[in-house]
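Peer 1: Pasting a structure here, questions to come.
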Amino acid sequence: MSTISLTMPDGAKRVVAAGTTGLDVAKAISPSLAKRTVAMTLDGALCDLSEPIAADAAIKFIARTDPEALELIRHDAAHVCAEAVQQLWPGTQVTIGPVIENGFFYDFAKAEPFQPEDLAKIEKRMAEIIAKNASFTKQVWSRDKAKDYFRAKGEAFKVELVDAIPAGEDVKIYAQGEWLDLCRGPHMTSTGSIGKAYKLTRFSGSYWRGDAKGAQLQRIYGVAFAKEEELAAHLKQQEEAEKRDHRKLGREMDFFHFQEEGPGVVFWHALGWTTFQLLISYMRRRLAEDYQEVQGPQLLDKSLWETSGHWGWYSDNMFAVKSATAFNNPDDDAAEQRVFALKPMNCPGHVQIFKHGLKSYRDLPLRLAEFGCVHRYEASGALHGLMRVRGFTQDDAHVFCTEEQLESECLKINDLMMSVYEDFGFKEVVVKLATRPEKRVGTDAMWDHAEDILRKVLVKMAAESGGRIKTGINEGEGTFYGPKFEYTLRDAIGREWQCGTTQVDFNLPERFGAFYIAADSSKKQPVMVHRAICGSLERFFGILLENCAGHLPLWLAPRQVVVATIVSDADAYALQVVKQLKAAGLRAVVDLRNEKINYKVREHSEAKVPIMLVVGRREAEDGKVAMRRLGSQDNVVMGLSEAIAGLRDEAVPPDLRRVYVS
């Protein structure tokens, strides 16, 4: 009998017979190890514990509480959810049920729609199935056997999935007791290992394989964790996230809205537009010293996007247009039939600006910035308020530099980014290097060179941050033209948002024939660094709203102060207060309505106005105001001049405050 060698995590070797299962190995080491183990990894790949081991491998046993088991908990919970649904509603077809962030979903073909109260019924039945602790067992069937089985059960979607499995691949079936499903695996040892830390959260509609022309299905979403306290923390975070939803806040604060006639584009209201422009003004000031602001055209001929590579790689996400004349008169001159694209990004336009006029090495680095409106097609089901739109503004910039300048430019960009994030209250930042994707342009040597430089920069950035920057690698997540840094921010309730990027590009300048004159009078190709700090300014605006729950810092609030009267006798004084506030540069309005002061306070608090100055007869006589801050129940009475001086100082944007202090 042949033997194989297994290497334990501590480096110890264990020789066993070929075909020995992971469970057998665990039992041989220790009964307690076998009891707590739910899966294993072989050379880093997650496997069933019952899998026969055929060759030498590094083995690691996975306990239910290990991080590697979390995906299995969610995967197994999806299977149990599907079994529960079919027990409760016989005849329902199951389709697919993948693991997603924090949990899973499963799509069903069911004649009648699910009702809200059905979630509790399904959860109860899931608990019963889990309590039975049925073993997960894998079987390998022939393609014909699998199709015959599912066809006999009326599972047409499963038959189609079997047909989609590449010829020569095993058809794997996993059973949990008497119920079974088509599945690649792996699974834990039994349903009992799922535990109690799961919850079904909602229903939604879906389409078979995400195709709007496909069959309509019903989707059940659920979350699952290893520990009940982790589930409780997640549900609490979700409850808080619902309160902070930027779409809800946008309505309450009268900032913006969306409607069907403009899918994926924002209808900005006056107050929201004011804050949006304050955000852009802040970014303009931060760039003024080092960047030249430019503006590229919205429409560019298709040929330019073909040269850049975007048409070949990205056209499904682009909007192409012709003139109305071309649509109405298709036989007109070919010149009228030109295809243009609404720009999905600013980079090709910036290359054209760089190429206009001869550039010398003395002109580098040349930093071009643009607050450009771009359009990208997103599926309607993916649209989500400000967070996922079809038309948005990028705080985009491109740095043209020499290879010798590349490292220092990346570090300079990082310093700017970290300063901006701190000004907006984001203290925790993770920077990950996204490396070459499978589909890409450029040579491997070019990618090796670019990635080597960014790896060195990443190490230096982390070292110089004093522990503020955490780093990592996102293998295969780079753009098609170059590797990049991805900046992820953590908000006030622990959610992570990927915002800024720094992308190194040796390809686009080459494609467009961009060059500069070097010191030896030769022509050299510049390196192009794509840089965005906020990314989509609309999305960043939404992130800010949710991060502060609508309680914007005074410098960003569109209405900084509302002066509200208690009695009409104070109207004249209130108007004088507003006049002085405006003269001090504060955005102030007056509320003279014949309403009770508690009504006014409640209304302006719901609109998230940071400061209310309440005035009545006594305040008018004494030249004072009663200041009430958003979220506080207390009024602080003070002199008008003192209040104005304090608010004027508080309303200074953080970048200007640094200038004044220095």
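By convention here, the chains of the structure tokens are called A, B, ... in the order presented, each chain's residues are numbered starting at 1, and ligands are numbered starting at 1 in the order presented.
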Segment 6-238 of chain A: which residues are strand (DSSP E) by DSSP, as a PyMOL selection string?
Peer 2: chain A and resi 6-7+13-17+37-42+45-47+57-63+93-94+99-100+103-109+136-141+171-176+179-182+198-207+216-224
Peer 1: I'd like the neighbourhood of Val16 of chain A as a PDB file with C-alpha atoms, in the first residue's frame, where a residue qualifies if any of its atoms comes within 7 Å (using only C-alpha atoms), though same-chain residues fewer than 3 positions away should be ignored.
Peer 2:
ATOM      1  CA  THR A   3       1.923   6.063   1.635  1.00  0.00           C
ATOM      2  CA  ILE A   4       1.856   9.839   1.642  1.00  0.00           C
ATOM      3  CA  SER A   5       3.447  12.463   3.876  1.00  0.00           C
ATOM      4  CA  THR A  20      -6.796   8.242   4.219  1.00  0.00           C
TER       5      THR A  20
END
Peer 1: Within 9 Å of segment 459-468 of chain A, counting only C-alpha atoms, which residues show up once you throw out same-chain ones fewer than 6 positions away? Write them as a ChimeraX atom specification, please.
Peer 2: /A:411,414-415,427-431
Peer 1: Let me make sure I understand: among A:Met188, A:Ala63, A:Cys410, A:Leu42, which one has the smallest atom-to-atom distance to His75 of chain A if we use only C-alpha atoms?
Peer 2: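 Smallest distance to His75 of chain A is found for A:Met188.
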Peer 1: For Val399 of chain A, work out the shell of residues within 7 Å, counting only C-alpha atoms and skipping chain neighbours fewer than 6 positions away, then give it as a ChimeraX atom specification.
Peer 2: /A:365-368,528-530
